[in-house]
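For reference, the structure discussed in these notes is given below.
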Amino acid sequence: MANPPAESILGDLMLGGVDGVVTTFAVIAGSAGGRLPAATIIVLGVANLLADGFSMAASSYLGTRSRQQAIERARLDEARQIDAFPEGERREVREIFAHKGLSGDLLDDVVARITADRHVWIDTMMSEELRLNDAVVRPLRAATATLGAFVLCGLMPLLPFLLGGKAYPLGVSAALALASFFALGAGKGLALSQNWFWSAAITALIGGSAATLAYAVGVMLRGMSVVGGV
């Protein structure tokens, strides 16, 4: 019997990539809005890449591992129920497929075939009764994908400051952040066979909104400090 497919890492890549750009540019935009020096922006940006990147990876690992444990527990529970109450579980299989429109000899044959193979029986209860996806869940791979996407994409808006650009570094940073959002959205659209431009535009709009909000907060805090005489 073929092994179940591994769970896609697309969600982890999108989560890490978008969050990496948003949080890093939020730090940059907020700091620039507060008129902090470039050296401070670099320190804050790198600190964000490392600290938030590992935090995101750890959260991804723990969340994926929890989902994996829930699936494993549900499978063990179903196996115990089949062993302890086979007739009751067999009736549940019959009810499931009767609700799908099967009846008579066809229903009897389907129930007999499913319950003749314990592995198939458990798989059927997992998918039809519990609605749990039995794809292979890999916590370490999910965490690695999240961290890699976070650092790689989050580095983009920081490049103008790291490279010592003097001509409008914040504007260049914003352009790189927007380009990163667009590329992430386009990649997701292509991977899912969706309209890549629409997917890219939506991602850029959401990410750009978050960045604009961060800059506005930085400007507001700068104004408060000036009023307060700081």
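Order determines the names: the first chain of the structure tokens is A, the second B, and so forth; residues in each chain are numbered 1 upward, and ligands are numbered 1 upward as they are shown.
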Using DSSP on the backbone, list every residue of range 117-218 of chain A that comes out as alpha helix (DSSP H), and give them as an mmCIF file with C-alpha atoms, in the first residue's frame.
```
data_model
loop_
_atom_site.group_PDB
_atom_site.id
_atom_site.type_symbol
_atom_site.label_atom_id
_atom_site.label_comp_id
_atom_site.auth_asym_id
_atom_site.auth_seq_id
_atom_site.Cartn_x
_atom_site.Cartn_y
_atom_site.Cartn_z
ATOM 1 C CA ARG A 118 -7.901 -3.176 9.413
ATOM 2 C CA HIS A 119 -5.639 -0.463 7.975
ATOM 3 C CA VAL A 120 -8.238 0.577 5.395
ATOM 4 C CA TRP A 121 -10.906 0.466 8.091
ATOM 5 C CA ILE A 122 -8.956 2.862 10.317
ATOM 6 C CA ASP A 123 -8.153 5.139 7.358
ATOM 7 C CA THR A 124 -11.845 5.282 6.467
ATOM 8 C CA PRO A 139 7.474 19.316 12.004
ATOM 9 C CA LEU A 140 11.203 19.795 11.391
ATOM 10 C CA ARG A 141 10.702 20.402 7.680
ATOM 11 C CA ALA A 142 7.917 22.887 8.413
ATOM 12 C CA ALA A 143 10.123 24.768 10.887
ATOM 13 C CA THR A 144 13.080 24.835 8.475
ATOM 14 C CA ALA A 145 10.917 26.107 5.614
ATOM 15 C CA THR A 146 9.415 28.819 7.834
ATOM 16 C CA LEU A 147 12.815 29.979 9.099
ATOM 17 C CA GLY A 148 14.427 29.955 5.667
ATOM 18 C CA ALA A 149 11.609 31.922 4.053
ATOM 19 C CA PHE A 150 11.497 34.379 6.960
ATOM 20 C CA VAL A 151 15.218 35.182 6.853
ATOM 21 C CA LEU A 152 15.534 35.242 3.056
ATOM 22 C CA CYS A 153 12.477 37.411 2.435
ATOM 23 C CA GLY A 154 12.951 39.525 5.558
ATOM 24 C CA LEU A 155 16.469 40.377 4.454
ATOM 25 C CA LEU A 159 19.540 45.413 2.068
ATOM 26 C CA PRO A 160 19.649 49.180 1.292
ATOM 27 C CA PHE A 161 20.781 49.864 4.862
ATOM 28 C CA LEU A 162 23.224 46.939 5.029
ATOM 29 C CA PRO A 169 17.208 53.979 1.505
ATOM 30 C CA LEU A 170 13.689 53.907 2.952
ATOM 31 C CA GLY A 171 12.151 54.275 -0.506
ATOM 32 C CA VAL A 172 14.351 51.504 -1.902
ATOM 33 C CA SER A 173 13.509 49.350 1.130
ATOM 34 C CA ALA A 174 9.788 49.909 0.536
ATOM 35 C CA ALA A 175 10.175 48.989 -3.147
ATOM 36 C CA LEU A 176 12.021 45.783 -2.252
ATOM 37 C CA ALA A 177 9.402 44.913 0.361
ATOM 38 C CA LEU A 178 6.619 45.447 -2.161
ATOM 39 C CA ALA A 179 8.483 43.387 -4.769
ATOM 40 C CA SER A 180 8.924 40.597 -2.207
ATOM 41 C CA PHE A 181 5.211 40.591 -1.395
ATOM 42 C CA PHE A 182 4.397 40.505 -5.096
ATOM 43 C CA ALA A 183 6.829 37.641 -5.757
ATOM 44 C CA LEU A 184 5.490 35.604 -2.834
ATOM 45 C CA GLY A 185 1.905 36.079 -3.956
ATOM 46 C CA ALA A 186 2.749 35.259 -7.564
ATOM 47 C CA GLY A 187 4.594 32.125 -6.492
ATOM 48 C CA LYS A 188 1.638 30.982 -4.408
ATOM 49 C CA GLY A 189 -0.755 31.616 -7.277
ATOM 50 C CA LEU A 190 1.380 29.628 -9.723
ATOM 51 C CA ALA A 191 1.823 26.755 -7.253
ATOM 52 C CA TRP A 196 -0.859 34.636 -10.281
ATOM 53 C CA PHE A 197 -1.288 38.377 -10.792
ATOM 54 C CA TRP A 198 -4.383 38.581 -8.603
ATOM 55 C CA SER A 199 -2.706 36.502 -5.894
ATOM 56 C CA ALA A 200 0.368 38.744 -6.071
ATOM 57 C CA ALA A 201 -1.727 41.923 -5.904
ATOM 58 C CA ILE A 202 -3.662 40.725 -2.849
ATOM 59 C CA THR A 203 -0.459 39.723 -1.031
ATOM 60 C CA ALA A 204 1.178 43.045 -1.883
ATOM 61 C CA LEU A 205 -1.898 44.947 -0.693
ATOM 62 C CA ILE A 206 -2.026 43.153 2.653
ATOM 63 C CA GLY A 207 1.718 43.406 3.262
ATOM 64 C CA GLY A 208 1.851 47.023 2.110
ATOM 65 C CA SER A 209 -0.980 47.939 4.461
ATOM 66 C CA ALA A 210 0.910 46.462 7.412
ATOM 67 C CA ALA A 211 4.070 48.345 6.444
ATOM 68 C CA THR A 212 2.172 51.625 6.038
ATOM 69 C CA LEU A 213 0.620 51.184 9.472
ATOM 70 C CA ALA A 214 4.073 50.612 10.994
ATOM 71 C CA TYR A 215 5.424 53.781 9.414
ATOM 72 C CA ALA A 216 2.425 55.772 10.635
ATOM 73 C CA VAL A 217 2.995 54.504 14.187
ATOM 74 C CA GLY A 218 6.658 55.549 13.987
#
```
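You can rank A:Val111, A:Leu106, A:Leu76, A:Ile42 by their closest distance to Leu163 in chain A using only C-alpha atoms, and at the top of that list sits A:Ile42.
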How far is it from CA of Gly63 in chain A to CA of Leu15 in chain A, in Å with one decimal?
->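 CA of Leu15 in chain A lies at a distance of 13.0 Å from CA of Gly63 in chain A.
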Find the distance between CA of Ser127 in chain A and CA of Asp109 in chain A and write it in Å to one decimal.
->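 Taking CA of Ser127 in chain A as the start and CA of Asp109 in chain A as the end point, the length is 19.5 Å.
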